[in-house]
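Everything below concerns the one structure shown next.
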Amino acid sequence: TIPSALQPWLARRFARRPPIVVMVREIHAAMLSNYGKWAEQYPAALAEYARGDPSGRRFIADAWWYVHFFNRWGAWAAAEPGRVLLIRYEDLVADPATWLARVATHLRLDF
């Protein structure tokens with residue numbers, strides 16, 4: 001999900017939270033998956049969905065949603081280096097041992 005713009009500030013000021021792992025996916029594949037899941041509820045063809053709705057009212061996750069998602073998580077990762085680990089789904093699939101080890105290290109899990 002998309003964190004609040006205030007989340008990094010609030011987390012640093014008021015609560016010590018555990019490390020965070022955010023998995024992202026190549027946008028094209030993620031959008032096709034989202035459209036397939038919600039197509040019956042979307043009042044639009046795939047091409048119209050792909051153009052998106054900047055107001056954020058028509059679709060659950062279109063191109064504009066992904067821009068917002070990456071900007072917010074990127075800002076949080078920049079605000080708290082070392083707390084937020086961003087991993088790509090495609091990298092995890094290609095090399096699960098390496099990425100699971102990185103996630104375990106980040107979360108301080110002893111595997």
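Each chain of the structure tokens is named A, B, ... in the order shown, its residues numbered from 1; ligands are numbered from 1 in display order.
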
Test item: residues at most 10 Å from Asn34 in chain A, only C-alpha atoms, excluding those fewer than 3 positions along its chain, as a PyMOL selection string: chain A and resi 28-31+37-39+59-62

Need the shell around Leu92 in chain A: protein/DNA/RNA residues with any atom at most 12 Å away, counting only C-alpha atoms. Skip same-chain ones fewer than 6 positions apart. Format as a PDB file with N, CA and C atoms, in the first residue's frame?
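What landed in part04.pdb:
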ATOM      1  N   MET A  23       8.213  -5.210  -1.471  1.00  0.00           N
ATOM      2  CA  MET A  23       8.459  -5.903  -2.731  1.00  0.00           C
ATOM      3  C   MET A  23       7.712  -5.159  -3.838  1.00  0.00           C
ATOM      4  N   VAL A  24       8.447  -4.864  -4.892  1.00  0.00           N
ATOM      5  CA  VAL A  24       7.859  -4.206  -6.053  1.00  0.00           C
ATOM      6  C   VAL A  24       7.935  -5.155  -7.240  1.00  0.00           C
ATOM      7  N   ARG A  25       7.119  -4.878  -8.218  1.00  0.00           N
ATOM      8  CA  ARG A  25       7.063  -5.718  -9.403  1.00  0.00           C
ATOM      9  C   ARG A  25       7.146  -4.826 -10.625  1.00  0.00           C
ATOM     10  N   LEU A  86      13.943  -2.300  -0.355  1.00  0.00           N
ATOM     11  CA  LEU A  86      13.125  -2.470  -1.549  1.00  0.00           C
ATOM     12  C   LEU A  86      13.684  -3.634  -2.347  1.00  0.00           C
ATOM     13  N   THR A  98      19.639 -15.686  -2.738  1.00  0.00           N
ATOM     14  CA  THR A  98      20.281 -14.400  -2.443  1.00  0.00           C
ATOM     15  C   THR A  98      19.304 -13.416  -1.822  1.00  0.00           C
ATOM     16  N   TRP A  99      18.129 -13.302  -2.419  1.00  0.00           N
ATOM     17  CA  TRP A  99      17.177 -12.303  -1.942  1.00  0.00           C
ATOM     18  C   TRP A  99      16.530 -12.687  -0.626  1.00  0.00           C
ATOM     19  N   LEU A 100      16.274 -13.968  -0.410  1.00  0.00           N
ATOM     20  CA  LEU A 100      15.747 -14.378   0.887  1.00  0.00           C
ATOM     21  C   LEU A 100      16.789 -14.160   1.982  1.00  0.00           C
ATOM     22  N   ALA A 101      18.050 -14.371   1.661  1.00  0.00           N
ATOM     23  CA  ALA A 101      19.112 -14.091   2.633  1.00  0.00           C
ATOM     24  C   ALA A 101      19.172 -12.603   2.951  1.00  0.00           C
ATOM     25  N   ARG A 102      19.037 -11.753   1.938  1.00  0.00           N
ATOM     26  CA  ARG A 102      19.037 -10.299   2.177  1.00  0.00           C
ATOM     27  C   ARG A 102      17.848  -9.874   3.030  1.00  0.00           C
ATOM     28  N   VAL A 103      16.686 -10.449   2.729  1.00  0.00           N
ATOM     29  CA  VAL A 103      15.496 -10.131   3.519  1.00  0.00           C
ATOM     30  C   VAL A 103      15.692 -10.593   4.960  1.00  0.00           C
TER      31      VAL A 103
END

Find the spatial neighbours of Trp65 in chain A, counting only C-alpha atoms, within a cut-off of 10 Å - ignore same-chain residues fewer than 4 positions away - and output them as a ChimeraX atom specification. /A:1-2,52-56,59-61,69-71

With N, CA and C atoms kept, could you save the residues just selected as a PDB file, in the first residue's frame?
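Once everything was written out, this is again09.pdb:
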ATOM      1  N   THR A   1       0.836  -1.171   0.000  1.00  0.00           N
ATOM      2  CA  THR A   1       0.000   0.000   0.000  1.00  0.00           C
ATOM      3  C   THR A   1       0.889   1.244   0.000  1.00  0.00           C
ATOM      4  N   ILE A   2       0.278   2.379  -0.142  1.00  0.00           N
ATOM      5  CA  ILE A   2       1.021   3.633  -0.177  1.00  0.00           C
ATOM      6  C   ILE A   2       1.031   4.240   1.219  1.00  0.00           C
ATOM      7  N   GLY A  52      -4.607   5.433 -17.520  1.00  0.00           N
ATOM      8  CA  GLY A  52      -4.798   5.795 -16.123  1.00  0.00           C
ATOM      9  C   GLY A  52      -5.731   6.961 -15.897  1.00  0.00           C
ATOM     10  N   ASP A  53      -5.934   7.256 -14.633  1.00  0.00           N
ATOM     11  CA  ASP A  53      -6.791   8.352 -14.184  1.00  0.00           C
ATOM     12  C   ASP A  53      -6.032   9.136 -13.121  1.00  0.00           C
ATOM     13  N   PRO A  54      -5.484  10.299 -13.492  1.00  0.00           N
ATOM     14  CA  PRO A  54      -4.700  11.073 -12.519  1.00  0.00           C
ATOM     15  C   PRO A  54      -5.470  11.435 -11.246  1.00  0.00           C
ATOM     16  N   SER A  55      -6.812  11.488 -11.326  1.00  0.00           N
ATOM     17  CA  SER A  55      -7.592  11.832 -10.134  1.00  0.00           C
ATOM     18  C   SER A  55      -7.617  10.681  -9.125  1.00  0.00           C
ATOM     19  N   GLY A  56      -7.317   9.455  -9.594  1.00  0.00           N
ATOM     20  CA  GLY A  56      -7.303   8.304  -8.709  1.00  0.00           C
ATOM     21  C   GLY A  56      -8.667   7.739  -8.375  1.00  0.00           C
ATOM     22  N   PHE A  59      -9.707   3.736 -10.987  1.00  0.00           N
ATOM     23  CA  PHE A  59      -9.027   2.442 -10.940  1.00  0.00           C
ATOM     24  C   PHE A  59      -8.342   2.246  -9.593  1.00  0.00           C
ATOM     25  N   ILE A  60      -8.219   0.990  -9.197  1.00  0.00           N
ATOM     26  CA  ILE A  60      -7.580   0.673  -7.921  1.00  0.00           C
ATOM     27  C   ILE A  60      -6.078   0.933  -7.994  1.00  0.00           C
ATOM     28  N   ALA A  61      -5.446   0.538  -9.085  1.00  0.00           N
ATOM     29  CA  ALA A  61      -3.996   0.742  -9.232  1.00  0.00           C
ATOM     30  C   ALA A  61      -3.665   0.895 -10.707  1.00  0.00           C
ATOM     31  N   PHE A  69       2.973   5.369  -5.548  1.00  0.00           N
ATOM     32  CA  PHE A  69       3.526   4.309  -4.707  1.00  0.00           C
ATOM     33  C   PHE A  69       5.052   4.394  -4.647  1.00  0.00           C
ATOM     34  N   PHE A  70       5.689   4.446  -5.825  1.00  0.00           N
ATOM     35  CA  PHE A  70       7.151   4.470  -5.858  1.00  0.00           C
ATOM     36  C   PHE A  70       7.707   5.759  -5.265  1.00  0.00           C
ATOM     37  N   ASN A  71       7.047   6.880  -5.485  1.00  0.00           N
ATOM     38  CA  ASN A  71       7.512   8.136  -4.900  1.00  0.00           C
ATOM     39  C   ASN A  71       7.460   8.104  -3.380  1.00  0.00           C
TER      40      ASN A  71
END

Considering only C-alpha atoms, can you say which of A:Val21, A:Ala45, A:Ile27, A:Leu109 comes closest to Val67 in chain A? A:Ile27

DSSP on the backbone: what in chain A comes out alpha helix (DSSP H), as a PyMOL selection string? chain A and resi 7-14+27-38+46-51+63-79+89-94+96-106

Hey, can you check how far CA of Arg51 in chain A sits from CA of Leu85 in chain A?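 Taking CA of Arg51 in chain A as the start and CA of Leu85 in chain A as the end point, the length is 29.4 Å.
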
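With only C-alpha atoms as the atoms that count, the minimum distance from Arg108 in chain A to the choices A:Arg83, A:Pro3, A:Pro43, A:Ala78 is reached by A:Arg83.
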
Name the closest residue to Leu107 in chain A among the candidates A:Tyr42, A:Tyr35, A:Val84, A:Tyr89; distances are taken between atoms, counting only C-alpha atoms. A:Val84

Return the single residue from A:Trp64, A:Arg88, A:Gly74, A:Gly82 that is closest to Ala50 in chain A, with distances computed using only C-alpha atoms.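 Under the stated criterion, the closest residue is A:Trp64.
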